[in-house]
Amino acid sequence: MSERLRILLTGFGPFPGAPFNPTQPLVARLARLRRPSLDDVAITSHIFPVTYAAVDRQLPEVLAKEKPDALLMFGLAARTPYLRIETRARNAVTMLWPDAANTRSSKRGIAGHADAMTFGPHTTRLLRAARLTGIDARSSRDAGAYLCNYLSWRAIENVRAGGPLLAAFIHIPLLARSGAVRRKGVARITLEELVDAGEAMLMEMVGLARKARATPGS
């Protein structure tokens with residue numbers, strides 16, 4: 001029997017300005033999913049502290065431990081009221097905002113080469129899967145210049161170096177709380193809606209990873 005497909009889900013902990021990070025409950029819910037189509041899939045999860053040092057240290061460690069076929073990452077975009085499927089990581093780091101360890105980057109770039117690196121055409125499939133659940137989801141070419149973009153860059157580096165076959169990063173908005181789904185006239189996404197969209201993207205990622213593993217080099 002072939003080895004089980006392995007999917008790694010990641011989120012982030014709290015950071016300055018965001019004492020509650022909704023990626024944590026989202027990742028926890030997705031990691032507990034039980035579906036017949038997932039019987040041959042091992043789903044694991046990891047929550048990164050919002051520091052550059054933690055990403056640099058923990059990403060290689062968790063990839064070496066879990067050996068995922070696909071990496072599905074989530075981060076918070078507090079000022080965006082919709083779901084953002086990132087298509088690329090920019091070679092950019094903010095020097096203005098400190099991370100959760102109060103560390104600021106001493107340089108504006110991550111690496112000395114490309115301006116940006118793309119995740120790949122599979123992001124279009126994830127966008128379609130999310131939209132089919134009825135959630136407001138949009139494609140994005142700008143993952144920012146903070147930890148979400150930084151993790152995206154490091155993840156793509158690992159894919160290109162022969163690590164996971166696929167990686168994707170999804171920015172989620174702040175969630176509606178206490179049943180209040182509107183703020184200043186703007187509809188707020190609930191955790192249940194987000195879990196539905198997350199499940200759809202996870203199932204799509206499973207299918208994509210199966211195909212990629214069956215056709216190496218494709």
# chains A, B, ... in the order shown; residues from 1 in each chain; ligands from 1
call {"tool": "residues_around", "arguments": {"residues": "Pro14 of chain A", "least_positions_apart": "4", "cutoff": "9 Å", "atoms": "only C-alpha atoms", "output": "mmCIF file with C-alpha atoms, in the first residue's frame"}}
result
data_model
loop_
_atom_site.group_PDB
_atom_site.id
_atom_site.type_symbol
_atom_site.label_atom_id
_atom_site.label_comp_id
_atom_site.auth_asym_id
_atom_site.auth_seq_id
_atom_site.Cartn_x
_atom_site.Cartn_y
_atom_site.Cartn_z
ATOM 1 C CA ALA A 18 -3.822 41.342 17.203
ATOM 2 C CA PRO A 19 -4.110 39.694 20.639
ATOM 3 C CA PHE A 20 -6.404 37.063 19.108
ATOM 4 C CA ASN A 21 -5.383 35.369 15.889
ATOM 5 C CA PRO A 22 -8.300 33.513 14.246
ATOM 6 C CA PRO A 49 4.988 32.441 16.855
ATOM 7 C CA VAL A 50 4.949 35.727 14.940
ATOM 8 C CA ALA A 100 6.089 39.614 18.487
#
call {"tool": "residues_around", "arguments": {"residues": "Arg4 of chain A", "least_positions_apart": "6", "cutoff": "7 Å", "atoms": "only C-alpha atoms", "output": "list of chain:residue names"}}
result
A:Asp40, A:Val41, A:Ala42
call {"tool": "write_last_selection", "arguments": {"atoms": "N, CA and C atoms", "output": "compact mmCIF listing (two decimals), in the first residue's frame"}}
result
# COMPACT_ATOMS: atom_id res chain seq x y z
N ASP A 40 -7.12 8.25 3.83
CA ASP A 40 -5.73 7.93 3.49
C ASP A 40 -4.84 9.17 3.55
N VAL A 41 -5.31 10.19 4.28
CA VAL A 41 -4.56 11.44 4.38
C VAL A 41 -4.19 11.72 5.84
N ALA A 42 -2.95 12.03 6.09
CA ALA A 42 -2.49 12.43 7.41
C ALA A 42 -2.42 13.95 7.45
call {"tool": "select_by_dssp", "arguments": {"residues": "segment 29-216 of chain A", "states": "strand (DSSP E or B)", "output": "ChimeraX atom specification"}}
result
/A:41-48,70-76,83-86,88-90,116-118,137-140,166-172,177,180,182-183,186-187
call {"tool": "write_last_selection", "arguments": {"atoms": "N, CA and C atoms", "output": "CSV table (one decimal), in the first residue's frame"}}
result
chain,number,residue,atom,x,y,z
A,41,VAL,N,-5.3,10.2,4.3
A,41,VAL,CA,-4.6,11.4,4.4
A,41,VAL,C,-4.2,11.7,5.8
A,42,ALA,N,-2.9,12.0,6.1
A,42,ALA,CA,-2.5,12.4,7.4
A,42,ALA,C,-2.4,14.0,7.5
A,43,ILE,N,-3.3,14.6,8.3
A,43,ILE,CA,-3.3,16.0,8.4
A,43,ILE,C,-2.7,16.4,9.7
A,44,THR,N,-1.6,17.2,9.7
A,44,THR,CA,-1.0,17.7,10.9
A,44,THR,C,-1.0,19.3,10.8
A,45,SER,N,-0.7,19.9,12.0
A,45,SER,CA,-0.8,21.3,12.1
A,45,SER,C,0.3,21.9,12.9
A,46,HIS,N,0.6,23.2,12.7
A,46,HIS,CA,1.6,23.9,13.4
A,46,HIS,C,1.3,25.3,13.5
A,47,ILE,N,1.4,25.9,14.7
A,47,ILE,CA,1.2,27.4,14.9
A,47,ILE,C,2.5,28.0,15.1
A,48,PHE,N,2.9,29.0,14.3
A,48,PHE,CA,4.1,29.7,14.4
A,48,PHE,C,4.0,30.9,15.3
A,70,ALA,N,2.0,18.6,0.9
A,70,ALA,CA,1.5,19.9,0.6
A,70,ALA,C,1.5,20.7,1.9
A,71,LEU,N,1.6,22.0,1.7
A,71,LEU,CA,1.7,22.9,2.9
A,71,LEU,C,0.6,24.0,2.6
A,72,LEU,N,-0.4,24.1,3.5
A,72,LEU,CA,-1.5,25.0,3.4
A,72,LEU,C,-1.4,26.0,4.6
A,73,MET,N,-1.1,27.2,4.3
A,73,MET,CA,-0.8,28.2,5.4
A,73,MET,C,-1.8,29.2,5.5
A,74,PHE,N,-2.1,29.7,6.7
A,74,PHE,CA,-3.1,30.7,6.9
A,74,PHE,C,-2.5,31.9,7.8
A,75,GLY,N,-2.9,33.1,7.5
A,75,GLY,CA,-2.4,34.2,8.2
A,75,GLY,C,-3.6,35.3,8.3
A,76,LEU,N,-3.4,36.2,9.2
A,76,LEU,CA,-4.5,37.2,9.4
A,76,LEU,C,-4.1,38.5,8.7
A,83,LEU,N,-11.5,37.0,2.0
A,83,LEU,CA,-10.5,36.0,2.0
A,83,LEU,C,-9.5,36.3,0.8
A,84,ARG,N,-8.2,36.2,1.1
A,84,ARG,CA,-7.2,36.5,0.0
A,84,ARG,C,-6.4,35.3,-0.2
A,85,ILE,N,-6.4,34.8,-1.4
A,85,ILE,CA,-5.5,33.7,-1.8
A,85,ILE,C,-4.3,34.3,-2.5
A,86,GLU,N,-3.2,34.2,-1.8
A,86,GLU,CA,-2.0,34.8,-2.3
A,86,GLU,C,-1.4,34.0,-3.4
A,88,ARG,N,1.7,34.9,-4.8
A,88,ARG,CA,3.2,35.1,-4.8
A,88,ARG,C,3.7,35.6,-3.4
A,89,ALA,N,5.0,35.5,-3.2
A,89,ALA,CA,5.7,36.1,-2.1
A,89,ALA,C,6.6,37.2,-2.7
A,90,ARG,N,6.6,38.3,-2.0
A,90,ARG,CA,7.5,39.4,-2.5
A,90,ARG,C,8.8,39.4,-1.7
A,116,ALA,N,10.1,38.6,-6.8
A,116,ALA,CA,9.0,37.8,-6.2
A,116,ALA,C,9.1,36.4,-6.7
A,117,MET,N,8.4,35.5,-5.9
A,117,MET,CA,8.3,34.1,-6.3
A,117,MET,C,6.9,33.7,-6.2
A,118,THR,N,6.4,32.9,-7.2
A,118,THR,CA,5.0,32.6,-7.3
A,118,THR,C,4.8,31.2,-6.7
A,137,ALA,N,-14.0,35.6,-1.7
A,137,ALA,CA,-12.6,35.2,-1.8
A,137,ALA,C,-12.0,35.9,-3.1
A,138,ARG,N,-10.8,36.4,-3.0
A,138,ARG,CA,-10.2,37.1,-4.1
A,138,ARG,C,-8.7,36.7,-4.2
A,139,SER,N,-8.2,36.8,-5.4
A,139,SER,CA,-6.8,36.5,-5.6
A,139,SER,C,-6.0,37.8,-5.2
A,140,SER,N,-4.8,37.5,-4.7
A,140,SER,CA,-3.9,38.6,-4.3
A,140,SER,C,-2.5,38.5,-4.8
A,166,LEU,N,3.7,21.2,-3.1
A,166,LEU,CA,2.9,22.3,-3.3
A,166,LEU,C,2.8,23.1,-2.0
A,167,ALA,N,2.6,24.4,-2.1
A,167,ALA,CA,2.4,25.3,-0.9
A,167,ALA,C,1.4,26.4,-1.3
A,168,ALA,N,0.7,26.9,-0.4
A,168,ALA,CA,-0.3,28.0,-0.6
A,168,ALA,C,-0.4,28.8,0.7
A,169,PHE,N,-0.7,30.1,0.5
A,169,PHE,CA,-0.9,30.9,1.7
A,169,PHE,C,-2.3,31.6,1.5
A,170,ILE,N,-3.1,31.6,2.6
A,170,ILE,CA,-4.4,32.2,2.6
A,170,ILE,C,-4.5,33.2,3.7
A,171,HIS,N,-4.8,34.5,3.3
A,171,HIS,CA,-5.0,35.5,4.3
A,171,HIS,C,-6.5,35.5,4.7
A,172,ILE,N,-6.8,35.5,6.0
A,172,ILE,CA,-8.2,35.5,6.4
A,172,ILE,C,-8.4,36.9,7.1
A,177,ARG,N,-17.8,38.3,15.8
A,177,ARG,CA,-17.9,37.7,17.2
A,177,ARG,C,-19.2,38.0,17.8
A,180,ALA,N,-22.4,39.2,16.0
A,180,ALA,CA,-22.4,40.5,15.3
A,180,ALA,C,-21.7,40.3,14.0
A,182,ARG,N,-22.0,42.3,11.3
A,182,ARG,CA,-21.8,43.6,10.5
A,182,ARG,C,-21.1,44.6,11.4
A,183,ARG,N,-20.2,45.3,10.7
A,183,ARG,CA,-19.5,46.4,11.4
A,183,ARG,C,-19.3,47.5,10.4
A,186,VAL,N,-20.3,46.7,6.9
A,186,VAL,CA,-19.5,45.7,6.1
A,186,VAL,C,-19.8,44.3,6.8
A,187,ALA,N,-20.2,43.4,5.9
A,187,ALA,CA,-20.4,42.0,6.4
A,187,ALA,C,-19.1,41.4,6.9
call {"tool": "atom_distance", "arguments": {"atom1": "atom CA of Leu126 of chain A", "atom2": "atom CA of Lys65 of chain A"}}
result
25.8 Å
call {"tool": "closest_residue", "arguments": {"among": "A:Pro68, A:Gly11, A:Arg141, A:Asp99", "to": "Thr51 of chain A", "atoms": "only C-alpha atoms"}}
result
A:Asp99
call {"tool": "closest_residue", "arguments": {"among": "A:Ala212, A:Val93, A:Val206, A:Leu194", "to": "Leu175 of chain A", "atoms": "only C-alpha atoms"}}
result
A:Leu194
call {"tool": "select_by_dssp", "arguments": {"residues": "segment 49-218 of chain A", "states": "alpha helix (DSSP H)", "output": "mmCIF file with N, CA, C and O atoms, in the first residue's frame"}}
result
data_model
loop_
_atom_site.group_PDB
_atom_site.id
_atom_site.type_symbol
_atom_site.label_atom_id
_atom_site.label_comp_id
_atom_site.auth_asym_id
_atom_site.auth_seq_id
_atom_site.Cartn_x
_atom_site.Cartn_y
_atom_site.Cartn_z
ATOM 1 N N TYR A 52 10.389 36.401 13.124
ATOM 2 C CA TYR A 52 11.223 35.944 12.018
ATOM 3 C C TYR A 52 12.093 34.767 12.451
ATOM 4 O O TYR A 52 12.271 33.797 11.704
ATOM 5 N N ALA A 53 12.627 34.848 13.667
ATOM 6 C CA ALA A 53 13.501 33.777 14.159
ATOM 7 C C ALA A 53 12.747 32.461 14.280
ATOM 8 O O ALA A 53 13.285 31.395 13.960
ATOM 9 N N ALA A 54 11.486 32.525 14.727
ATOM 10 C CA ALA A 54 10.696 31.302 14.866
ATOM 11 C C ALA A 54 10.434 30.663 13.515
ATOM 12 O O ALA A 54 10.520 29.434 13.366
ATOM 13 N N VAL A 55 10.099 31.465 12.519
ATOM 14 C CA VAL A 55 9.875 30.915 11.180
ATOM 15 C C VAL A 55 11.152 30.258 10.656
ATOM 16 O O VAL A 55 11.121 29.138 10.136
ATOM 17 N N ASP A 56 12.268 30.946 10.802
ATOM 18 C CA ASP A 56 13.530 30.397 10.295
ATOM 19 C C ASP A 56 13.916 29.109 11.010
ATOM 20 O O ASP A 56 14.498 28.206 10.397
ATOM 21 N N ARG A 57 13.605 29.015 12.281
ATOM 22 C CA ARG A 57 13.974 27.820 13.036
ATOM 23 C C ARG A 57 12.938 26.708 12.898
ATOM 24 O O ARG A 57 13.285 25.541 12.663
ATOM 25 N N GLN A 58 11.658 27.063 13.044
ATOM 26 C CA GLN A 58 10.634 26.038 13.127
ATOM 27 C C GLN A 58 10.172 25.478 11.792
ATOM 28 O O GLN A 58 9.773 24.313 11.720
ATOM 29 N N LEU A 59 10.202 26.292 10.727
ATOM 30 C CA LEU A 59 9.748 25.769 9.431
ATOM 31 C C LEU A 59 10.596 24.578 8.985
ATOM 32 O O LEU A 59 10.038 23.522 8.647
ATOM 33 N N PRO A 60 11.932 24.676 8.975
ATOM 34 C CA PRO A 60 12.717 23.491 8.599
ATOM 35 C C PRO A 60 12.475 22.305 9.529
ATOM 36 O O PRO A 60 12.444 21.148 9.075
ATOM 37 N N GLU A 61 12.281 22.589 10.820
ATOM 38 C CA GLU A 61 12.066 21.505 11.778
ATOM 39 C C GLU A 61 10.756 20.774 11.508
ATOM 40 O O GLU A 61 10.723 19.528 11.479
ATOM 41 N N VAL A 62 9.684 21.514 11.304
ATOM 42 C CA VAL A 62 8.389 20.865 11.113
ATOM 43 C C VAL A 62 8.316 20.177 9.753
ATOM 44 O O VAL A 62 7.696 19.110 9.619
ATOM 45 N N LEU A 63 8.966 20.729 8.734
ATOM 46 C CA LEU A 63 8.997 20.064 7.427
ATOM 47 C C LEU A 63 9.782 18.765 7.496
ATOM 48 O O LEU A 63 9.402 17.755 6.895
ATOM 49 N N ALA A 64 10.886 18.774 8.236
ATOM 50 C CA ALA A 64 11.686 17.557 8.382
ATOM 51 C C ALA A 64 10.932 16.491 9.172
ATOM 52 O O ALA A 64 11.035 15.290 8.881
ATOM 53 N N LYS A 65 10.164 16.924 10.163
ATOM 54 C CA LYS A 65 9.418 15.975 10.996
ATOM 55 C C LYS A 65 8.206 15.401 10.271
ATOM 56 O O LYS A 65 7.990 14.179 10.274
ATOM 57 N N GLU A 66 7.418 16.261 9.645
ATOM 58 C CA GLU A 66 6.156 15.825 9.056
ATOM 59 C C GLU A 66 6.281 15.364 7.608
ATOM 60 O O GLU A 66 5.442 14.607 7.125
ATOM 61 N N HIS A 122 -1.877 26.423 -9.161
ATOM 62 C CA HIS A 122 -2.871 25.771 -8.304
ATOM 63 C C HIS A 122 -3.632 26.772 -7.433
ATOM 64 O O HIS A 122 -4.704 26.453 -6.922
ATOM 65 N N THR A 123 -3.103 27.977 -7.273
ATOM 66 C CA THR A 123 -3.823 28.971 -6.467
ATOM 67 C C THR A 123 -5.177 29.320 -7.093
ATOM 68 O O THR A 123 -6.123 29.655 -6.381
ATOM 69 N N THR A 124 -5.269 29.221 -8.420
ATOM 70 C CA THR A 124 -6.548 29.477 -9.092
ATOM 71 C C THR A 124 -7.586 28.440 -8.695
ATOM 72 O O THR A 124 -8.768 28.755 -8.508
ATOM 73 N N ARG A 125 -7.144 27.206 -8.543
ATOM 74 C CA ARG A 125 -8.054 26.129 -8.128
ATOM 75 C C ARG A 125 -8.532 26.346 -6.690
ATOM 76 O O ARG A 125 -9.691 26.071 -6.366
ATOM 77 N N LEU A 126 -7.645 26.813 -5.838
ATOM 78 C CA LEU A 126 -8.030 27.078 -4.456
ATOM 79 C C LEU A 126 -9.032 28.228 -4.379
ATOM 80 O O LEU A 126 -9.985 28.182 -3.590
ATOM 81 N N LEU A 127 -8.816 29.253 -5.189
ATOM 82 C CA LEU A 127 -9.736 30.384 -5.234
ATOM 83 C C LEU A 127 -11.130 29.916 -5.657
ATOM 84 O O LEU A 127 -12.141 30.284 -5.047
ATOM 85 N N ARG A 128 -11.182 29.109 -6.684
ATOM 86 C CA ARG A 128 -12.470 28.600 -7.169
ATOM 87 C C ARG A 128 -13.156 27.759 -6.092
ATOM 88 O O ARG A 128 -14.365 27.892 -5.858
ATOM 89 N N ALA A 129 -12.400 26.906 -5.410
ATOM 90 C CA ALA A 129 -12.974 26.055 -4.375
ATOM 91 C C ALA A 129 -13.570 26.894 -3.250
ATOM 92 O O ALA A 129 -14.662 26.609 -2.751
ATOM 93 N N ALA A 130 -12.845 27.929 -2.837
ATOM 94 C CA ALA A 130 -13.345 28.799 -1.769
ATOM 95 C C ALA A 130 -14.611 29.523 -2.199
ATOM 96 O O ALA A 130 -15.598 29.578 -1.455
ATOM 97 N N ARG A 131 -14.611 30.061 -3.400
ATOM 98 C CA ARG A 131 -15.775 30.825 -3.880
ATOM 99 C C ARG A 131 -17.022 29.962 -3.996
ATOM 100 O O ARG A 131 -18.140 30.454 -3.804
ATOM 101 N N LEU A 147 5.228 38.986 8.532
ATOM 102 C CA LEU A 147 5.539 37.565 8.711
ATOM 103 C C LEU A 147 4.814 36.649 7.722
ATOM 104 O O LEU A 147 5.337 35.596 7.354
ATOM 105 N N CYS A 148 3.609 37.028 7.285
ATOM 106 C CA CYS A 148 2.888 36.182 6.329
ATOM 107 C C CYS A 148 3.654 36.086 5.016
ATOM 108 O O CYS A 148 3.815 35.003 4.442
ATOM 109 N N ASN A 149 4.113 37.220 4.530
ATOM 110 C CA ASN A 149 4.909 37.229 3.307
ATOM 111 C C ASN A 149 6.238 36.500 3.522
ATOM 112 O O ASN A 149 6.713 35.768 2.651
ATOM 113 N N TYR A 150 6.831 36.714 4.692
ATOM 114 C CA TYR A 150 8.120 36.082 4.993
ATOM 115 C C TYR A 150 7.989 34.560 5.003
ATOM 116 O O TYR A 150 8.803 33.843 4.390
ATOM 117 N N LEU A 151 6.944 34.039 5.670
ATOM 118 C CA LEU A 151 6.723 32.594 5.680
ATOM 119 C C LEU A 151 6.430 32.082 4.273
ATOM 120 O O LEU A 151 6.909 31.008 3.878
ATOM 121 N N SER A 152 5.661 32.847 3.506
ATOM 122 C CA SER A 152 5.366 32.442 2.127
ATOM 123 C C SER A 152 6.649 32.282 1.321
ATOM 124 O O SER A 152 6.818 31.305 0.577
ATOM 125 N N TRP A 153 7.549 33.246 1.460
ATOM 126 C CA TRP A 153 8.829 33.186 0.728
ATOM 127 C C TRP A 153 9.622 31.945 1.127
ATOM 128 O O TRP A 153 10.116 31.207 0.268
ATOM 129 N N ARG A 154 9.733 31.709 2.422
ATOM 130 C CA ARG A 154 10.497 30.550 2.897
ATOM 131 C C ARG A 154 9.846 29.241 2.458
ATOM 132 O O ARG A 154 10.538 28.260 2.149
ATOM 133 N N ALA A 155 8.523 29.205 2.422
ATOM 134 C CA ALA A 155 7.826 27.994 1.985
ATOM 135 C C ALA A 155 8.088 27.712 0.511
ATOM 136 O O ALA A 155 8.357 26.565 0.120
ATOM 137 N N ILE A 156 8.015 28.742 -0.322
ATOM 138 C CA ILE A 156 8.284 28.553 -1.752
ATOM 139 C C ILE A 156 9.728 28.112 -1.961
ATOM 140 O O ILE A 156 10.013 27.262 -2.815
ATOM 141 N N GLU A 157 10.649 28.661 -1.196
ATOM 142 C CA GLU A 157 12.046 28.210 -1.271
ATOM 143 C C GLU A 157 12.138 26.708 -1.015
ATOM 144 O O GLU A 157 12.859 25.993 -1.717
ATOM 145 N N ASN A 158 11.411 26.233 -0.018
ATOM 146 C CA ASN A 158 11.453 24.807 0.305
ATOM 147 C C ASN A 158 10.820 23.951 -0.778
ATOM 148 O O ASN A 158 11.295 22.848 -1.063
ATOM 149 N N VAL A 159 9.751 24.433 -1.397
ATOM 150 C CA VAL A 159 9.154 23.697 -2.519
ATOM 151 C C VAL A 159 10.163 23.565 -3.649
ATOM 152 O O VAL A 159 10.365 22.478 -4.206
ATOM 153 N N ARG A 160 10.819 24.666 -3.961
ATOM 154 C CA ARG A 160 11.790 24.648 -5.062
ATOM 155 C C ARG A 160 13.029 23.820 -4.746
ATOM 156 O O ARG A 160 13.724 23.362 -5.661
ATOM 157 N N LEU A 191 -16.621 32.265 11.770
ATOM 158 C CA LEU A 191 -15.703 31.131 11.811
ATOM 159 C C LEU A 191 -16.273 29.948 11.037
ATOM 160 O O LEU A 191 -15.541 29.251 10.332
ATOM 161 N N GLU A 192 -17.581 29.719 11.144
ATOM 162 C CA GLU A 192 -18.176 28.586 10.437
ATOM 163 C C GLU A 192 -18.038 28.744 8.919
ATOM 164 O O GLU A 192 -17.754 27.777 8.205
ATOM 165 N N GLU A 193 -18.249 29.954 8.425
ATOM 166 C CA GLU A 193 -18.071 30.202 6.990
ATOM 167 C C GLU A 193 -16.622 29.979 6.582
ATOM 168 O O GLU A 193 -16.330 29.424 5.513
ATOM 169 N N LEU A 194 -15.728 30.401 7.442
ATOM 170 C CA LEU A 194 -14.305 30.247 7.158
ATOM 171 C C LEU A 194 -13.887 28.780 7.173
ATOM 172 O O LEU A 194 -13.102 28.336 6.331
ATOM 173 N N VAL A 195 -14.438 28.019 8.101
ATOM 174 C CA VAL A 195 -14.135 26.583 8.150
ATOM 175 C C VAL A 195 -14.650 25.894 6.888
ATOM 176 O O VAL A 195 -13.977 25.032 6.316
ATOM 177 N N ASP A 196 -15.847 26.269 6.427
ATOM 178 C CA ASP A 196 -16.377 25.690 5.190
ATOM 179 C C ASP A 196 -15.446 25.968 4.009
ATOM 180 O O ASP A 196 -15.144 25.072 3.214
ATOM 181 N N ALA A 197 -15.005 27.220 3.891
ATOM 182 C CA ALA A 197 -14.095 27.574 2.801
ATOM 183 C C ALA A 197 -12.749 26.886 2.981
ATOM 184 O O ALA A 197 -12.139 26.411 2.008
ATOM 185 N N GLY A 198 -12.277 26.815 4.232
ATOM 186 C CA GLY A 198 -11.009 26.141 4.499
ATOM 187 C C GLY A 198 -11.063 24.671 4.141
ATOM 188 O O GLY A 198 -10.115 24.117 3.578
ATOM 189 N N GLU A 199 -12.196 24.023 4.456
ATOM 190 C CA GLU A 199 -12.350 22.614 4.103
ATOM 191 C C GLU A 199 -12.332 22.431 2.585
ATOM 192 O O GLU A 199 -11.695 21.503 2.068
ATOM 193 N N ALA A 200 -13.013 23.316 1.880
ATOM 194 C CA ALA A 200 -13.033 23.220 0.419
ATOM 195 C C ALA A 200 -11.629 23.366 -0.160
ATOM 196 O O ALA A 200 -11.239 22.621 -1.075
ATOM 197 N N MET A 201 -10.873 24.309 0.365
ATOM 198 C CA MET A 201 -9.500 24.496 -0.126
ATOM 199 C C MET A 201 -8.603 23.329 0.269
ATOM 200 O O MET A 201 -7.740 22.902 -0.503
ATOM 201 N N LEU A 202 -8.819 22.800 1.465
ATOM 202 C CA LEU A 202 -8.048 21.635 1.900
ATOM 203 C C LEU A 202 -8.311 20.440 0.991
ATOM 204 O O LEU A 202 -7.376 19.751 0.562
ATOM 205 N N MET A 203 -9.581 20.186 0.690
ATOM 206 C CA MET A 203 -9.912 19.055 -0.186
ATOM 207 C C MET A 203 -9.322 19.251 -1.578
ATOM 208 O O MET A 203 -8.854 18.298 -2.216
ATOM 209 N N GLU A 204 -9.347 20.491 -2.063
ATOM 210 C CA GLU A 204 -8.734 20.784 -3.360
ATOM 211 C C GLU A 204 -7.232 20.537 -3.301
ATOM 212 O O GLU A 204 -6.642 19.979 -4.239
ATOM 213 N N MET A 205 -6.607 20.945 -2.201
ATOM 214 C CA MET A 205 -5.162 20.747 -2.046
ATOM 215 C C MET A 205 -4.814 19.265 -1.983
ATOM 216 O O MET A 205 -3.789 18.839 -2.527
ATOM 217 N N VAL A 206 -5.655 18.482 -1.356
ATOM 218 C CA VAL A 206 -5.446 17.039 -1.300
ATOM 219 C C VAL A 206 -5.445 16.449 -2.713
ATOM 220 O O VAL A 206 -4.571 15.660 -3.093
ATOM 221 N N GLY A 207 -6.440 16.840 -3.512
ATOM 222 C CA GLY A 207 -6.494 16.356 -4.885
ATOM 223 C C GLY A 207 -5.300 16.791 -5.705
ATOM 224 O O GLY A 207 -4.737 15.999 -6.482
ATOM 225 N N LEU A 208 -4.890 18.027 -5.547
ATOM 226 C CA LEU A 208 -3.735 18.543 -6.275
ATOM 227 C C LEU A 208 -2.459 17.826 -5.864
ATOM 228 O O LEU A 208 -1.605 17.510 -6.703
ATOM 229 N N ALA A 209 -2.316 17.557 -4.566
ATOM 230 C CA ALA A 209 -1.113 16.876 -4.078
ATOM 231 C C ALA A 209 -1.074 15.431 -4.556
ATOM 232 O O ALA A 209 0.000 14.902 -4.897
ATOM 233 N N ARG A 210 -2.245 14.779 -4.600
ATOM 234 C CA ARG A 210 -2.289 13.407 -5.125
ATOM 235 C C ARG A 210 -1.814 13.366 -6.577
ATOM 236 O O ARG A 210 -1.022 12.505 -6.967
ATOM 237 N N LYS A 211 -2.306 14.319 -7.358
ATOM 238 C CA LYS A 211 -1.932 14.371 -8.748
ATOM 239 C C LYS A 211 -0.446 14.670 -8.915
ATOM 240 O O LYS A 211 0.243 14.072 -9.727
ATOM 241 N N ALA A 212 0.058 15.617 -8.106
ATOM 242 C CA ALA A 212 1.469 15.986 -8.200
ATOM 243 C C ALA A 212 2.365 14.820 -7.787
ATOM 244 O O ALA A 212 3.429 14.606 -8.379
ATOM 245 N N ARG A 213 1.932 14.047 -6.787
ATOM 246 C CA ARG A 213 2.756 12.910 -6.349
ATOM 247 C C ARG A 213 2.733 11.785 -7.378
ATOM 248 O O ARG A 213 3.719 11.053 -7.535
ATOM 249 N N ALA A 214 1.617 11.671 -8.091
ATOM 250 C CA ALA A 214 1.509 10.617 -9.109
ATOM 251 C C ALA A 214 2.259 10.953 -10.379
ATOM 252 O O ALA A 214 2.586 10.059 -11.161
#
call {"tool": "atom_distance", "arguments": {"atom1": "atom CA of Ala143 of chain A", "atom2": "atom CA of Thr190 of chain A"}}
result
22.1 Å
call {"tool": "atom_distance", "arguments": {"atom1": "atom CA of Leu8 of chain A", "atom2": "atom CA of Arg34 of chain A"}}
result
15.3 Å
